[in-house]
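Structure file protein-v4.csv; described as CSV, C-alpha atoms.
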chain,number,residue,atom,x,y,z
A,200,MET,CA,80.1,142.1,48.7
A,201,ALA,CA,76.7,140.6,49.6
A,202,LEU,CA,75.1,137.9,47.5
A,203,PRO,CA,72.5,139.4,45.1
A,204,ALA,CA,69.0,139.3,46.6
A,205,SER,CA,67.8,137.3,43.6
A,206,TYR,CA,70.0,134.4,44.5
A,207,ASP,CA,68.4,131.6,46.4
A,208,PRO,CA,71.0,130.2,48.7
A,209,ALA,CA,68.7,127.5,49.9
A,210,PRO,CA,70.1,124.0,49.6
A,211,ILE,CA,69.4,122.4,46.3
A,212,PRO,CA,67.0,119.5,46.6
A,213,ALA,CA,69.0,116.2,46.7
A,214,VAL,CA,69.1,114.6,43.3
A,215,GLN,CA,68.3,111.0,43.3
A,216,GLN,CA,71.0,109.2,41.4
A,217,ILE,CA,70.6,105.8,39.7
A,218,LYS,CA,73.9,104.4,38.5
A,219,ILE,CA,73.9,101.8,35.8
A,220,LEU,CA,77.0,100.1,34.4
A,221,ILE,CA,77.2,99.2,30.7
A,222,ALA,CA,79.8,96.4,30.5
A,223,GLY,CA,81.2,93.8,28.1
A,224,GLY,CA,84.4,93.2,26.2
A,225,PHE,CA,86.1,95.3,23.6
A,226,GLY,CA,84.0,96.2,20.6
A,227,VAL,CA,80.6,94.9,21.8
A,228,GLY,CA,78.9,98.3,21.4
A,229,LYS,CA,79.2,99.9,24.8
A,230,THR,CA,79.9,103.3,23.5
A,231,THR,CA,77.1,103.0,20.9
A,232,PHE,CA,74.6,101.9,23.6
A,233,VAL,CA,75.5,104.8,25.8
A,234,SER,CA,75.2,107.1,22.9
A,235,THR,CA,71.8,105.8,21.9
A,236,VAL,CA,70.1,106.2,25.3
A,237,SER,CA,72.0,109.2,26.7
A,238,GLU,CA,70.5,112.7,26.5
A,239,ILE,CA,74.0,114.2,26.0
A,240,ARG,CA,76.7,113.2,23.6
A,241,PRO,CA,78.7,110.5,25.5
A,242,LEU,CA,81.6,111.8,27.4
A,243,ARG,CA,84.9,110.1,28.1
A,244,THR,CA,86.1,110.2,31.7
A,245,GLU,CA,89.7,109.2,32.4
A,246,GLU,CA,91.5,108.0,35.5
A,247,ARG,CA,95.1,107.3,36.2
A,248,LEU,CA,95.5,104.1,38.1
A,249,THR,CA,98.6,103.0,39.8
A,250,ALA,CA,99.4,99.6,41.1
A,251,GLU,CA,102.5,98.1,42.7
A,252,GLY,CA,104.6,96.6,39.9
A,253,VAL,CA,104.8,92.8,40.4
A,254,GLY,CA,107.9,92.2,38.3
A,255,VAL,CA,111.4,92.4,39.6
A,256,ASP,CA,112.8,94.4,36.7
A,257,ASP,CA,114.9,96.8,38.6
A,258,LEU,CA,118.5,95.9,39.6
A,259,ASN,CA,118.4,98.5,42.3
A,260,GLY,CA,115.4,96.8,44.0
A,261,ILE,CA,113.5,100.1,44.1
A,262,GLU,CA,109.8,99.6,44.5
A,263,ASN,CA,108.3,99.8,41.0
A,264,LYS,CA,105.0,101.4,40.4
A,265,THR,CA,103.2,101.3,37.1
A,266,ALA,CA,100.6,103.8,36.1
A,267,THR,CA,97.9,103.2,33.5
A,268,THR,CA,95.3,105.5,32.0
A,269,VAL,CA,91.8,103.9,31.8
A,270,ALA,CA,88.7,105.5,30.3
A,271,MET,CA,85.0,105.0,30.6
A,272,ASP,CA,82.0,106.3,28.6
A,273,PHE,CA,79.6,108.5,30.5
A,274,GLY,CA,76.0,109.4,29.6
A,275,ARG,CA,72.9,110.4,31.5
A,276,ILE,CA,69.1,110.5,31.3
A,277,THR,CA,67.4,113.1,33.5
A,278,LEU,CA,64.0,112.1,34.7
A,279,ASP,CA,61.4,114.0,36.8
A,280,ASP,CA,63.0,113.6,40.2
A,281,SER,CA,66.1,111.5,39.5
A,282,VAL,CA,69.0,111.1,37.1
A,283,VAL,CA,70.1,107.9,35.5
A,284,TYR,CA,73.9,107.8,35.1
A,285,LEU,CA,75.4,105.5,32.6
A,286,PHE,CA,78.9,104.3,33.2
A,287,GLY,CA,80.4,102.4,30.3
A,288,THR,CA,83.2,100.2,31.8
A,289,PRO,CA,86.7,100.0,30.4
A,290,GLY,CA,87.1,97.0,28.0
A,291,GLN,CA,89.8,95.5,30.1
A,292,GLU,CA,88.1,94.0,33.1
A,293,ARG,CA,91.4,93.6,35.0
A,294,PHE,CA,91.3,97.4,35.6
A,295,TRP,CA,87.9,97.2,37.3
A,296,PHE,CA,89.4,95.9,40.5
A,297,MET,CA,91.7,98.8,40.6
A,298,TRP,CA,88.9,101.3,39.9
A,299,ASP,CA,86.7,100.6,42.9
A,300,ASP,CA,84.7,103.8,42.7
A,301,LEU,CA,83.6,103.0,39.1
A,302,LEU,CA,81.6,100.0,40.4
A,303,ARG,CA,80.6,101.3,43.8
A,304,GLY,CA,76.9,102.2,44.2
A,305,ALA,CA,75.8,100.7,40.9
A,306,PHE,CA,72.1,99.6,40.9
A,307,GLY,CA,72.7,97.1,38.2
A,308,ALA,CA,74.4,96.4,34.9
A,309,VAL,CA,73.8,95.7,31.2
A,310,VAL,CA,76.3,93.2,29.9
A,311,LEU,CA,76.6,93.5,26.1
A,312,VAL,CA,77.8,90.5,24.1
A,313,ASP,CA,78.8,90.0,20.5
A,314,THR,CA,77.7,86.5,19.6
A,315,ARG,CA,80.6,86.1,17.3
A,316,ARG,CA,82.9,86.7,20.2
A,317,LEU,CA,81.0,85.6,23.3
A,318,ASP,CA,84.2,84.9,25.2
A,319,HIS,CA,84.9,88.6,25.3
A,320,SER,CA,82.1,89.1,27.7
A,321,PHE,CA,82.7,86.0,30.0
A,322,ALA,CA,84.7,88.1,32.4
A,323,ALA,CA,81.9,90.7,32.9
A,324,VAL,CA,79.3,88.0,33.5
A,325,ASP,CA,81.5,86.2,35.9
A,326,PHE,CA,82.3,89.5,37.7
A,327,PHE,CA,78.7,90.5,38.3
A,328,GLU,CA,77.7,87.0,39.3
A,329,LYS,CA,80.4,86.9,41.9
A,330,ARG,CA,79.5,90.3,43.3
A,331,GLY,CA,75.7,89.7,43.2
A,332,THR,CA,75.1,92.7,41.0
A,333,PRO,CA,71.8,92.4,39.1
A,334,PHE,CA,72.3,92.4,35.3
A,335,VAL,CA,70.7,91.6,32.0
A,336,VAL,CA,72.4,90.5,28.8
A,337,GLY,CA,72.0,92.3,25.6
A,338,ALA,CA,73.2,90.4,22.5
A,339,ASN,CA,74.2,93.1,20.1
A,340,CYS,CA,73.1,92.3,16.5
A,341,PHE,CA,75.8,93.6,14.3
A,342,ASP,CA,74.8,94.2,10.7
A,343,GLY,CA,71.2,94.0,11.9
A,344,ARG,CA,71.1,90.2,12.0
A,345,GLN,CA,71.2,87.7,14.8
A,346,THR,CA,71.6,84.0,14.0
A,347,HIS,CA,71.5,82.8,17.6
A,348,SER,CA,68.4,82.5,19.8
A,349,PRO,CA,68.5,83.9,23.3
A,350,ASP,CA,68.4,80.4,24.8
A,351,VAL,CA,71.5,79.4,22.8
A,352,ILE,CA,73.3,82.5,24.0
A,353,ARG,CA,72.2,81.9,27.6
A,354,ASP,CA,73.6,78.3,27.4
A,355,ALA,CA,76.8,79.5,25.8
A,356,LEU,CA,77.4,82.1,28.5
A,357,ASP,CA,76.7,79.4,31.1
A,358,LEU,CA,74.7,81.9,33.3
A,359,ALA,CA,74.5,80.8,36.9
A,360,ASP,CA,71.0,82.1,37.2
A,361,PRO,CA,68.7,80.8,34.4
A,362,THR,CA,66.3,83.7,35.0
A,363,VAL,CA,68.8,86.4,33.8
A,364,PRO,CA,67.1,88.0,30.8
A,365,VAL,CA,68.9,87.7,27.5
A,366,LEU,CA,67.6,90.2,24.9
A,367,MET,CA,68.4,90.6,21.3
A,368,LEU,CA,69.6,94.1,20.7
A,369,ASP,CA,70.6,96.6,18.1
A,370,ALA,CA,72.6,99.1,20.2
A,371,ARG,CA,72.0,101.8,17.5
A,372,GLU,CA,68.2,101.6,17.9
A,373,ARG,CA,66.6,103.6,20.6
A,374,ALA,CA,63.6,101.3,21.1
A,375,SER,CA,65.9,98.3,21.2
A,376,ALA,CA,68.2,99.9,23.8
A,377,ARG,CA,65.1,101.1,25.8
A,378,ASP,CA,63.8,97.5,26.0
A,379,VAL,CA,67.1,96.4,27.5
A,380,MET,CA,67.0,99.3,30.1
A,381,LEU,CA,63.4,98.5,31.0
A,382,SER,CA,64.3,94.8,31.3
A,383,LEU,CA,67.0,95.7,33.8
A,384,MET,CA,64.6,97.9,35.8
A,385,ASP,CA,62.1,95.0,35.9
A,386,ARG,CA,64.9,92.8,37.2
A,387,LEU,CA,65.7,95.3,39.9
A,388,ILE,CA,62.0,95.7,40.8
A,389,ALA,CA,61.6,91.9,41.1
A,390,ARG,CA,64.6,91.7,43.2
A,391,ALA,CA,63.5,94.5,45.5
A,392,ASP,CA,60.0,92.8,45.7
A,393,ALA,CA,61.5,89.5,46.7
A,394,ALA,CA,63.7,91.2,49.4
A,395,ALA,CA,60.7,93.0,50.8
A,396,VAL,CA,58.6,89.8,51.4
B,288,MET,CA,97.0,127.8,40.7
B,289,THR,CA,99.7,129.6,42.7
B,290,GLY,CA,99.1,132.7,44.8
B,291,ARG,CA,95.7,131.5,45.9
B,292,HIS,CA,94.7,132.5,49.4
B,293,ARG,CA,91.8,133.8,51.4
B,294,GLY,CA,92.4,137.3,50.0
B,295,ASP,CA,91.2,136.0,46.6
B,296,LEU,CA,87.7,136.0,47.8
B,297,PRO,CA,86.9,139.6,48.6
B,298,GLY,CA,84.0,140.2,50.9
B,299,ARG,CA,83.6,136.6,51.9
B,300,ARG,CA,83.6,136.0,55.6
B,301,THR,CA,86.5,134.2,56.9
B,302,ARG,CA,85.6,130.6,57.6
B,303,PRO,CA,87.5,128.4,60.0
B,304,PHE,CA,88.5,125.9,57.3
B,305,ALA,CA,89.7,128.6,55.0
B,306,LEU,CA,92.6,129.0,57.4
B,307,THR,CA,93.7,125.5,56.4
B,308,GLY,CA,94.1,126.6,52.8
B,309,GLY,CA,91.0,124.6,51.9
B,310,HIS,CA,92.4,121.3,52.8
B,311,VAL,CA,89.6,119.1,54.1
B,312,GLN,CA,91.2,115.7,53.7
B,313,SER,CA,91.0,115.1,57.5
B,314,SER,CA,87.2,114.7,57.3
B,315,SER,CA,86.3,111.4,55.8
B,316,SER,CA,82.6,112.3,55.6
B,317,THR,CA,83.4,114.9,53.0
B,318,ARG,CA,85.3,112.6,50.7
B,319,ILE,CA,84.5,113.4,47.1
B,320,THR,CA,84.5,110.6,44.6
B,321,MET,CA,83.6,110.2,41.0
B,322,ASN,CA,80.1,109.3,42.1
B,323,SER,CA,79.6,112.5,44.2
B,324,LEU,CA,77.2,115.2,43.1
B,325,VAL,CA,78.4,118.8,43.3
B,326,ALA,CA,76.4,122.0,43.0
B,327,ALA,CA,77.5,125.7,42.8
B,328,ALA,CA,77.0,127.4,46.2
B,329,VAL,CA,77.5,130.9,44.8
B,330,PRO,CA,76.0,132.9,41.9
B,331,GLU,CA,78.0,132.7,38.7
B,332,ASP,CA,78.7,136.5,38.7
B,333,ALA,CA,79.6,136.7,42.4
B,334,VAL,CA,83.0,135.1,42.2
B,335,GLY,CA,86.0,137.4,41.9
B,336,ALA,CA,89.5,136.4,41.1
B,337,LEU,CA,89.5,132.6,41.1
B,338,PRO,CA,91.7,130.2,39.2
B,339,ASP,CA,90.4,129.4,35.8
B,340,GLU,CA,89.8,125.7,36.7
B,341,TRP,CA,87.6,126.7,39.6
B,342,ARG,CA,85.6,129.1,37.5
B,343,ALA,CA,85.1,126.3,34.9
B,344,VAL,CA,83.7,124.0,37.6
B,345,LEU,CA,81.2,126.7,38.7
B,346,ALA,CA,80.2,127.5,35.1
B,347,ILE,CA,79.5,123.8,34.4
B,348,CYS,CA,77.5,123.5,37.6
B,349,HIS,CA,75.4,126.6,36.7
B,350,GLY,CA,74.7,125.3,33.3
B,351,ALA,CA,73.4,121.9,34.6
B,352,PRO,CA,69.9,120.9,35.6
B,353,ALA,CA,69.4,121.7,39.3
B,354,ARG,CA,72.9,123.3,39.2
B,355,THR,CA,74.2,119.8,40.0
B,356,VAL,CA,76.8,117.8,38.2
B,357,ILE,CA,78.2,114.3,39.0
B,358,VAL,CA,82.0,114.4,39.3
B,359,THR,CA,82.5,111.8,36.5
B,360,GLU,CA,80.9,114.3,34.1
B,361,LEU,CA,82.9,117.2,35.4
B,362,ALA,CA,86.1,115.3,34.9
B,363,ALA,CA,85.2,114.5,31.3
B,364,ARG,CA,84.2,118.1,30.5
B,365,LEU,CA,87.3,119.6,32.2
B,366,HIS,CA,89.6,117.0,30.6
B,367,MET,CA,91.0,116.1,34.0
B,368,PHE,CA,91.8,112.8,35.6
B,369,VAL,CA,89.3,111.9,38.3
B,370,THR,CA,91.6,111.9,41.3
B,371,PRO,CA,93.2,115.3,40.9
B,372,LEU,CA,89.8,116.7,40.2
B,373,THR,CA,88.4,115.4,43.5
B,374,VAL,CA,91.3,117.0,45.3
B,375,MET,CA,90.6,120.3,43.6
B,376,LEU,CA,86.9,120.0,44.4
B,377,GLY,CA,87.8,119.5,48.1
B,378,GLU,CA,89.4,123.0,47.9
B,379,LEU,CA,86.3,124.5,46.4
B,380,LEU,CA,84.2,122.8,49.0
B,381,GLY,CA,86.5,124.2,51.8
B,382,GLN,CA,86.0,127.7,50.4
B,383,GLY,CA,82.3,127.4,50.4
B,384,LEU,CA,82.0,127.7,46.6
B,385,ILE,CA,80.3,124.4,46.0
B,386,THR,CA,78.1,122.0,48.0
B,387,HIS,CA,78.6,118.3,47.9
B,388,GLN,CA,76.2,115.4,48.0
B,389,PRO,CA,77.8,112.1,48.6
B,390,ALA,CA,77.1,109.1,46.4
B,391,VAL,CA,74.2,106.9,47.2
B,392,SER,CA,74.8,103.6,48.8
B,393,GLY,CA,73.6,100.4,47.2
B,394,ALA,CA,70.8,100.4,49.7
B,395,ASP,CA,68.7,102.6,47.4
B,396,ALA,CA,68.7,99.8,44.9
B,397,THR,CA,65.9,98.1,46.9
B,398,ASN,CA,63.7,101.2,47.2
B,399,ILE,CA,60.9,99.8,45.1
B,400,ARG,CA,58.9,103.0,44.7
B,401,LEU,CA,62.0,104.7,43.3
B,402,LEU,CA,62.6,101.8,41.0
B,403,TYR,CA,59.1,102.0,39.6
B,404,ARG,CA,59.4,105.8,39.1
B,405,VAL,CA,62.6,105.3,37.3
B,406,ARG,CA,61.1,102.6,35.1
B,407,ASP,CA,58.2,104.7,34.2
B,408,GLY,CA,60.4,107.7,33.5
B,409,LEU,CA,62.7,105.7,31.2
B,410,ALA,CA,59.7,104.2,29.4
B,411,ARG,CA,58.4,107.8,28.7
B,412,LYS,CA,61.7,109.4,27.9
B,413,LEU,CA,63.4,106.7,25.8
Go through the file and emit its structure as structure tokens.
Amino acid sequence: MALPASYDPAPIPAVQQIKILIAGGFGVGKTTFVSTVSEIRPLRTEERLTAEGVGVDDLNGIENKTATTVAMDFGRITLDDSVVYLFGTPGQERFWFMWDDLLRGAFGAVVLVDTRRLDHSFAAVDFFEKRGTPFVVGANCFDGRQTHSPDVIRDALDLADPTVPVLMLDARERASARDVMLSLMDRLIARADAAAV
Amino acid sequence: MTGRHRGDLPGRRTRPFALTGGHVQSSSSTRITMNSLVAAAVPEDAVGALPDEWRAVLAICHGAPARTVIVTELAARLHMFVTPLTVMLGELLGQGLITHQPAVSGADATNIRLLYRVRDGLARKL
């Protein structure tokens, strides 16, 4: 059975992929953000992670492994010659270290914060600062109001780099979410510029 | 997925790796991860008796832009955990049913022309 003549077996041109992480603690609006900018309804990707159990809870001394199901939100934006992939990280940052591939290859990150619960996003900020992953902060305005200024939020987050952009955001609003994405791209461009000099 | 062997692909030429039953784990360069892009390597109607899960992979690829899908999206659409899916995709790869484009390295993050194009694209599209 030969392939039909109409089928072009030539290699498909390589798709340029740009992976962006959408991070932050539980309930800060990660899923909403992905949903607002993605061209497809956000999907939920699951992985089963195993780690050596650390407790000695077994009288037989048999090695104990625990398995946990973790999930991430997935969305994408297809551009002319590239595709932006949005990976919404699991809420519990402790799983990030177990899920290496989730973070690998990311160009940068959007860290969403809820100003009523800033501490929920400390771990994400800390994580990206330590890894040197470029990021911007989006302060999600729940109920459409934001009583804190970006500077106050920047201080409260104790950002190591004072030039990290902090933007006010309504994750439900496309224009608002777009501004955060463009701010991250500007950050990446500035960084690439500095590296090229 | 029992009973699968080379004979399930009538007319396809025997490939050396088909003799291994599609196992390609020995080659680290072909490692498929959640960041890999996969594309269908055969027309949708040219596949004969394949396991349903394999056909589902090919159908999703054919329905995607540039016939290419990232593994993370495939896992979500197929309701499969990532790791078992990557093992299964290794078998499809070994049978020549899909092609595979490894994930980019972080090095591309400093490709300034690419970054400008992406910024412009996002500004237009969003």
### Summary
Restricting to all atoms listed in the file, whichever of A:Ala370, A:Ile239, A:Leu387, A:Cys340 is closest to chain B is A:Leu387
### Query
Pick from B:Ala333, B:Ile399, B:Ala362, B:Leu409: nearest to Ala374 of chain A, with only C-alpha atoms counted?
B:Leu409
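The environment of His387 of chain B within 7 Å, counting all atoms listed in the file and disregarding residues fewer than 4 places along the same chain, consists of Ser323, Leu324, Val325 and Ala326 of chain B.
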For chain A, report every residue with an atom at most 6 Å from chain B (counting all atoms listed in the file), formatted as a compact mmCIF listing (two decimals) with C-alpha atoms, keeping the file's coordinate frame.
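Saved the output as iface_31.txt:
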# COMPACT_ATOMS: atom_id res chain seq x y z
CA MET A 200 80.10 142.10 48.70
CA LEU A 242 81.60 111.80 27.40
CA ARG A 243 84.90 110.10 28.10
CA THR A 244 86.10 110.20 31.70
CA GLU A 245 89.70 109.20 32.40
CA GLU A 246 91.50 108.00 35.50
CA LEU A 278 64.00 112.10 34.70
CA GLY A 304 76.90 102.20 44.20
CA PHE A 306 72.10 99.60 40.90
CA ARG A 377 65.10 101.10 25.80
CA MET A 384 64.60 97.90 35.80
CA ALA A 391 63.50 94.50 45.50
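The space separating atom CA of Arg371 of chain A from atom CA of Ile219 of chain A comes to 18.4 Å.
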### Task
Determine the nearest neighbour of Gly377 of chain B from the options B:Glu331, B:Ile319, B:Ala336, B:Val344, counting only C-alpha atoms.
B:Ile319
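Here atom CA of Leu380 of chain B is placed at a distance of 18.5 Å from atom CA of Gly350 of chain B.
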## Note on the structure
re atom CA of Arg353 of chain A and atom CA of Leu317 of chain A: distance 10.5 Å
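Between Asp369 of chain A and the candidates A:Gly337, A:Gly331, A:Gly307, A:Gly226, the tightest atom-to-atom separation, counting all atoms listed in the file, involves A:Gly337.
With only the atoms specified (only C-alpha atoms) counting, those residues at most 12 Å away from (77.6, 80.6, 34.2) are Asp318, Ser320, Phe321, Ala322, Ala323, Val324, Asp325, Phe326, Phe327, Glu328, Lys329, Ile352, Arg353, Asp354, Ala355, Leu356, Asp357, Leu358, Ala359, Asp360, Pro361, Thr362 and Val363 of chain A.
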### Task
Can you pull out every residue within 8 Å of Phe225 of chain A, counting all atoms listed in the file, but drop anything in the same chain fewer than 6 positions away, and send it as a ChimeraX atom specification?
/A:290-291,319
